[in-house]
file model.cif (mmCIF, N, CA and C atoms)
data_structure
loop_
_atom_site.label_atom_id
_atom_site.label_comp_id
_atom_site.auth_asym_id
_atom_site.auth_seq_id
_atom_site.Cartn_x
_atom_site.Cartn_y
_atom_site.Cartn_z
N MET L 301 13.70 71.18 125.04
CA MET L 301 13.35 71.24 126.43
C MET L 301 14.10 70.15 127.18
N HIS L 302 14.35 70.43 128.41
CA HIS L 302 15.02 69.46 129.27
C HIS L 302 14.00 68.77 130.16
N ALA L 303 14.36 67.58 130.57
CA ALA L 303 13.51 66.80 131.47
C ALA L 303 14.38 66.03 132.45
N THR L 304 13.76 65.60 133.51
CA THR L 304 14.40 64.72 134.47
C THR L 304 13.53 63.47 134.59
N VAL L 305 14.16 62.31 134.45
CA VAL L 305 13.47 61.04 134.58
C VAL L 305 13.92 60.42 135.90
N ILE L 306 12.95 60.08 136.73
CA ILE L 306 13.25 59.54 138.05
C ILE L 306 12.67 58.14 138.15
N GLY L 307 13.57 57.18 138.17
CA GLY L 307 13.18 55.78 138.33
C GLY L 307 14.02 55.24 139.47
N ALA L 308 14.77 54.18 139.18
CA ALA L 308 15.70 53.66 140.18
C ALA L 308 16.83 54.67 140.42
N ARG L 309 17.00 55.56 139.47
CA ARG L 309 17.97 56.65 139.57
C ARG L 309 17.38 57.89 138.92
N ARG L 310 18.03 59.02 139.11
CA ARG L 310 17.56 60.29 138.56
C ARG L 310 18.51 60.67 137.42
N VAL L 311 17.96 60.85 136.20
CA VAL L 311 18.80 61.16 135.05
C VAL L 311 18.21 62.32 134.24
N ALA L 312 19.09 63.00 133.56
CA ALA L 312 18.68 64.09 132.69
C ALA L 312 18.29 63.54 131.32
N ALA L 313 17.38 64.23 130.66
CA ALA L 313 16.94 63.84 129.32
C ALA L 313 16.58 65.11 128.55
N ARG L 314 16.48 64.96 127.25
CA ARG L 314 16.05 66.05 126.38
C ARG L 314 14.76 65.61 125.69
N VAL L 315 13.76 66.47 125.73
CA VAL L 315 12.47 66.17 125.11
C VAL L 315 12.60 66.38 123.60
N ARG L 316 12.37 65.32 122.84
CA ARG L 316 12.45 65.39 121.38
C ARG L 316 11.07 65.47 120.73
N ASN L 317 10.06 64.93 121.41
CA ASN L 317 8.70 64.96 120.88
C ASN L 317 7.77 64.96 122.09
N LEU L 318 6.72 65.78 122.01
CA LEU L 318 5.82 65.93 123.14
C LEU L 318 4.38 65.90 122.65
N ALA L 319 3.54 65.13 123.36
CA ALA L 319 2.12 65.04 123.03
C ALA L 319 1.34 64.93 124.34
N LEU L 320 0.03 65.03 124.26
CA LEU L 320 -0.79 64.92 125.46
C LEU L 320 -0.69 63.54 126.10
N GLY L 321 -0.38 62.54 125.32
CA GLY L 321 -0.32 61.18 125.84
C GLY L 321 1.05 60.74 126.31
N GLY L 322 2.10 61.46 125.90
CA GLY L 322 3.44 61.02 126.28
C GLY L 322 4.52 61.83 125.61
N ALA L 323 5.74 61.30 125.65
CA ALA L 323 6.88 62.03 125.11
C ALA L 323 7.97 61.08 124.65
N LEU L 324 8.80 61.57 123.75
CA LEU L 324 10.00 60.88 123.31
C LEU L 324 11.17 61.62 123.92
N LEU L 325 12.00 60.91 124.68
CA LEU L 325 13.08 61.52 125.44
C LEU L 325 14.43 60.97 125.00
N GLU L 326 15.36 61.86 124.76
CA GLU L 326 16.72 61.45 124.42
C GLU L 326 17.52 61.38 125.72
N THR L 327 18.10 60.22 125.98
CA THR L 327 18.91 60.03 127.19
C THR L 327 19.86 58.87 126.97
N ASP L 328 21.01 58.92 127.63
CA ASP L 328 21.96 57.81 127.56
C ASP L 328 21.62 56.71 128.56
N ALA L 329 20.75 57.01 129.51
CA ALA L 329 20.39 56.05 130.54
C ALA L 329 19.48 54.97 129.97
N HIS L 330 19.58 53.78 130.53
CA HIS L 330 18.76 52.65 130.08
C HIS L 330 17.57 52.46 131.03
N PHE L 331 16.40 52.30 130.45
CA PHE L 331 15.18 51.98 131.20
C PHE L 331 14.51 50.81 130.50
N ALA L 332 13.89 49.96 131.26
CA ALA L 332 13.22 48.80 130.71
C ALA L 332 11.80 49.16 130.26
N VAL L 333 11.36 48.57 129.17
CA VAL L 333 9.99 48.74 128.72
C VAL L 333 9.07 48.24 129.83
N GLY L 334 8.06 49.05 130.16
CA GLY L 334 7.12 48.72 131.22
C GLY L 334 7.50 49.33 132.56
N GLU L 335 8.71 49.85 132.67
CA GLU L 335 9.17 50.45 133.93
C GLU L 335 8.37 51.71 134.24
N SER L 336 8.00 51.87 135.50
CA SER L 336 7.31 53.08 135.95
C SER L 336 8.35 54.10 136.39
N VAL L 337 8.17 55.35 135.95
CA VAL L 337 9.08 56.43 136.30
C VAL L 337 8.26 57.67 136.63
N ASN L 338 8.90 58.63 137.23
CA ASN L 338 8.33 59.96 137.38
C ASN L 338 9.07 60.87 136.43
N LEU L 339 8.36 61.78 135.83
CA LEU L 339 8.93 62.65 134.81
C LEU L 339 8.69 64.10 135.18
N GLU L 340 9.72 64.91 135.04
CA GLU L 340 9.62 66.36 135.21
C GLU L 340 10.10 67.00 133.91
N ILE L 341 9.20 67.72 133.25
CA ILE L 341 9.56 68.44 132.03
C ILE L 341 9.73 69.90 132.41
N HIS L 342 10.91 70.43 132.14
CA HIS L 342 11.24 71.81 132.50
C HIS L 342 11.01 72.70 131.28
N ALA L 343 9.97 73.53 131.37
CA ALA L 343 9.59 74.42 130.27
C ALA L 343 9.63 75.86 130.78
N GLY L 344 10.77 76.51 130.61
CA GLY L 344 10.91 77.87 131.13
C GLY L 344 10.84 77.85 132.64
N THR L 345 9.93 78.64 133.19
CA THR L 345 9.79 78.70 134.64
C THR L 345 8.83 77.65 135.18
N ARG L 346 8.20 76.91 134.29
CA ARG L 346 7.24 75.89 134.70
C ARG L 346 7.84 74.50 134.64
N THR L 347 7.37 73.65 135.54
CA THR L 347 7.77 72.25 135.53
C THR L 347 6.50 71.41 135.51
N ILE L 348 6.41 70.56 134.52
CA ILE L 348 5.28 69.65 134.39
C ILE L 348 5.72 68.32 134.96
N LYS L 349 5.00 67.86 135.99
CA LYS L 349 5.35 66.60 136.66
C LYS L 349 4.27 65.56 136.40
N SER L 350 4.72 64.33 136.11
CA SER L 350 3.77 63.26 135.85
C SER L 350 4.40 61.91 136.14
N ALA L 351 3.57 60.99 136.55
CA ALA L 351 3.97 59.58 136.56
C ALA L 351 3.93 59.14 135.10
N ALA L 352 4.83 58.23 134.74
CA ALA L 352 4.88 57.77 133.35
C ALA L 352 5.31 56.31 133.32
N ARG L 353 5.04 55.68 132.19
CA ARG L 353 5.46 54.30 131.98
C ARG L 353 6.27 54.26 130.69
N VAL L 354 7.40 53.58 130.73
CA VAL L 354 8.26 53.43 129.55
C VAL L 354 7.57 52.49 128.57
N ARG L 355 7.33 52.97 127.36
CA ARG L 355 6.66 52.18 126.32
C ARG L 355 7.60 51.69 125.24
N GLY L 356 8.77 52.32 125.15
CA GLY L 356 9.76 51.91 124.15
C GLY L 356 11.13 52.37 124.59
N ALA L 357 12.17 51.63 124.18
CA ALA L 357 13.53 51.99 124.55
C ALA L 357 14.48 51.67 123.40
N THR L 358 15.38 52.59 123.12
CA THR L 358 16.43 52.40 122.12
C THR L 358 17.72 52.91 122.75
N PRO L 359 18.86 52.69 122.11
CA PRO L 359 20.11 53.25 122.64
C PRO L 359 20.08 54.78 122.71
N GLN L 360 19.23 55.43 121.92
CA GLN L 360 19.15 56.89 121.90
C GLN L 360 18.21 57.46 122.95
N GLY L 361 17.29 56.66 123.48
CA GLY L 361 16.35 57.20 124.45
C GLY L 361 15.15 56.31 124.69
N ILE L 362 14.11 56.94 125.24
CA ILE L 362 12.91 56.20 125.61
C ILE L 362 11.66 56.96 125.19
N SER L 363 10.59 56.21 124.98
CA SER L 363 9.27 56.82 124.80
C SER L 363 8.48 56.49 126.06
N VAL L 364 7.75 57.48 126.55
CA VAL L 364 6.97 57.28 127.77
C VAL L 364 5.52 57.67 127.54
N GLU L 365 4.65 57.01 128.27
CA GLU L 365 3.22 57.33 128.28
C GLU L 365 2.90 57.96 129.63
N PHE L 366 2.25 59.11 129.61
CA PHE L 366 1.85 59.75 130.86
C PHE L 366 0.74 58.93 131.50
N VAL L 367 0.79 58.77 132.82
CA VAL L 367 -0.28 58.12 133.57
C VAL L 367 -0.63 59.00 134.75
N GLU L 368 -1.89 58.96 135.13
CA GLU L 368 -2.36 59.73 136.27
C GLU L 368 -2.04 61.23 136.15
N LEU L 369 -2.29 61.78 134.99
CA LEU L 369 -2.06 63.21 134.76
C LEU L 369 -3.21 63.99 135.36
N LYS L 370 -2.91 64.85 136.33
CA LYS L 370 -3.94 65.66 136.99
C LYS L 370 -4.50 66.67 136.00
N PRO L 371 -5.77 67.09 136.16
CA PRO L 371 -6.38 68.04 135.24
C PRO L 371 -5.57 69.34 135.09
N ALA L 372 -5.06 69.88 136.17
CA ALA L 372 -4.28 71.13 136.09
C ALA L 372 -2.98 70.90 135.32
N THR L 373 -2.38 69.74 135.52
CA THR L 373 -1.14 69.41 134.80
C THR L 373 -1.44 69.19 133.32
N ARG L 374 -2.56 68.53 133.02
CA ARG L 374 -2.95 68.31 131.62
C ARG L 374 -3.16 69.66 130.92
N LYS L 375 -3.75 70.63 131.63
CA LYS L 375 -3.95 71.96 131.05
C LYS L 375 -2.60 72.63 130.77
N LEU L 376 -1.66 72.54 131.71
CA LEU L 376 -0.32 73.10 131.48
C LEU L 376 0.34 72.46 130.27
N LEU L 377 0.20 71.14 130.16
CA LEU L 377 0.78 70.43 129.03
C LEU L 377 0.13 70.85 127.72
N ARG L 378 -1.19 70.96 127.72
CA ARG L 378 -1.92 71.39 126.51
C ARG L 378 -1.50 72.80 126.11
N ASP L 379 -1.39 73.70 127.09
CA ASP L 379 -0.97 75.08 126.81
C ASP L 379 0.45 75.11 126.24
N LEU L 380 1.35 74.29 126.78
CA LEU L 380 2.72 74.24 126.30
C LEU L 380 2.77 73.75 124.87
N ILE L 381 2.04 72.68 124.57
CA ILE L 381 2.02 72.14 123.21
C ILE L 381 1.46 73.17 122.23
N THR L 382 0.39 73.85 122.63
CA THR L 382 -0.20 74.89 121.78
C THR L 382 0.82 75.99 121.50
N LYS L 383 1.54 76.41 122.53
CA LYS L 383 2.56 77.45 122.37
C LYS L 383 3.67 76.99 121.43
N LEU L 384 4.08 75.73 121.56
CA LEU L 384 5.15 75.21 120.70
C LEU L 384 4.70 75.12 119.24
N LEU L 385 3.42 74.92 119.01
CA LEU L 385 2.91 74.81 117.65
C LEU L 385 2.70 76.15 116.96
N ASP L 386 2.64 77.22 117.73
CA ASP L 386 2.44 78.57 117.15
C ASP L 386 3.68 79.06 116.45
#

call {"tool": "encode", "arguments": {"input": "model.cif", "output": "structure tokens"}}
result
Amino acid sequence: MHATVIGARRVAARVRNLALGGALLETDAHFAVGESVNLEIHAGTRTIKSAARVRGATPQGISVEFVELKPATRKLLRDLITKLLD
């Protein structure tokens, strides 16, 4: 899946791991641990949008924790994860 990370700049990323609490994103862009970003995960015709905080960073990408996930967005995320596990 593809994603867009919006912080001081807007960059493309690839979702490598997805959970209800956050995601592991592959990107060449550098983000600082603790940085607040907005995240858009593009899953087919749906886009899951969330505020997120960078929890880890490596040269290969970042791990983010979702914050302020709305109930409807959490349901979309749960449904997507369930579909991916089937």

call {"tool": "resolve_selection", "arguments": {"input": "model.cif", "expression": "the PyMOL selection byres ((chain L and resi 352) around 5)", "output": "list in words"}}
result
Ser336, Val337, Asn338, Ser350, Ala351, Arg353, Val354, Glu365, Phe366 and Val367 of chain L

call {"tool": "closest_residue", "arguments": {"input": "model.cif", "among": "L:Lys370, L:Gly344, L:Leu385, L:Ala329", "to": "L:Ala312", "atoms": "all atoms listed in the file"}}
result
L:Ala329

call {"tool": "select_by_dssp", "arguments": {"input": "model.cif", "residues": "stretch 331-372 of chain L", "states": "strand (DSSP E or B)", "output": "PyMOL selection string"}}
result
chain L and resi 336-343+346-358+361-367

call {"tool": "closest_residue", "arguments": {"input": "model.cif", "among": "L:Leu377, L:Leu384, L:Ala303, L:Ile348", "to": "L:Thr327", "atoms": "only C-alpha atoms"}}
result
L:Ala303

call {"tool": "resolve_selection", "arguments": {"input": "model.cif", "expression": "the PyMOL selection byres (((chain L and resi 305-308 and name CA) around 6) and name CA)", "output": "JSON, numbers by chain"}}
result
{"L": [304, 309, 310, 311, 337, 338, 339]}

call {"tool": "write_last_selection", "arguments": {"input": "model.cif", "atoms": "N, CA and C atoms", "output": "CSV table (one decimal), keeping the file's coordinate frame"}}
result
chain,number,residue,atom,x,y,z
L,304,THR,N,13.8,65.6,133.5
L,304,THR,CA,14.4,64.7,134.5
L,304,THR,C,13.5,63.5,134.6
L,309,ARG,N,17.0,55.6,139.5
L,309,ARG,CA,18.0,56.6,139.6
L,309,ARG,C,17.4,57.9,138.9
L,310,ARG,N,18.0,59.0,139.1
L,310,ARG,CA,17.6,60.3,138.6
L,310,ARG,C,18.5,60.7,137.4
L,311,VAL,N,18.0,60.8,136.2
L,311,VAL,CA,18.8,61.2,135.0
L,311,VAL,C,18.2,62.3,134.2
L,337,VAL,N,8.2,55.4,136.0
L,337,VAL,CA,9.1,56.4,136.3
L,337,VAL,C,8.3,57.7,136.6
L,338,ASN,N,8.9,58.6,137.2
L,338,ASN,CA,8.3,60.0,137.4
L,338,ASN,C,9.1,60.9,136.4
L,339,LEU,N,8.4,61.8,135.8
L,339,LEU,CA,8.9,62.6,134.8
L,339,LEU,C,8.7,64.1,135.2

call {"tool": "select_by_dssp", "arguments": {"input": "model.cif", "residues": "stretch 327-374 of chain L", "states": "helix (DSSP H, G or I)", "output": "list in words"}}
result
Pro371, Ala372, Thr373 and Arg374 of chain L

call {"tool": "atom_distance", "arguments": {"input": "model.cif", "atom1": "atom C of L:Ala332", "atom2": "atom C of L:Thr345"}}
result
29.1 Å

call {"tool": "closest_residue", "arguments": {"input": "model.cif", "among": "L:Ile381, L:His302, L:Val333, L:Leu325", "to": "L:Ala357", "atoms": "only C-alpha atoms"}}
result
L:Val333

call {"tool": "closest_residue", "arguments": {"input": "model.cif", "among": "L:Val364, L:Leu318, L:Ile341, L:Met301", "to": "L:Thr382", "atoms": "only C-alpha atoms"}}
result
L:Leu318

call {"tool": "atom_distance", "arguments": {"input": "model.cif", "atom1": "atom CA of L:Glu335", "atom2": "atom C of L:Gly321"}}
result
15.2 Å

call {"tool": "axis_aligned_box", "arguments": {"input": "model.cif", "around": "stretch 354-372 of chain L", "padding_each_side": "8 Å", "output": "AutoDock Vina command-line options"}}
result
--center_x 6.9 --center_y 61.4 --center_z 129.4 --size_x 42.5 --size_y 35.5 --size_z 31.1

call {"tool": "atom_distance", "arguments": {"input": "model.cif", "atom1": "atom N of L:Phe331", "atom2": "atom CA of L:Ala372"}}
result
28.5 Å

call {"tool": "closest_residue", "arguments": {"input": "model.cif", "among": "L:Asp386, L:Ile362, L:Glu368, L:Thr373", "to": "L:Asn317", "atoms": "only C-alpha atoms"}}
result
L:Ile362

call {"tool": "closest_residue", "arguments": {"input": "model.cif", "among": "L:Ser363, L:Arg346, L:Glu340, L:Arg378", "to": "L:Ala323", "atoms": "all atoms listed in the file"}}
result
L:Ser363

call {"tool": "resolve_selection", "arguments": {"input": "model.cif", "expression": "the PyMOL selection byres (((chain L and resi 360 and name CA) around 7) and name CA)", "output": "list of chain:residue names"}}
result
L:Glu326, L:Thr327, L:Asp328, L:Thr358, L:Pro359, L:Gly361
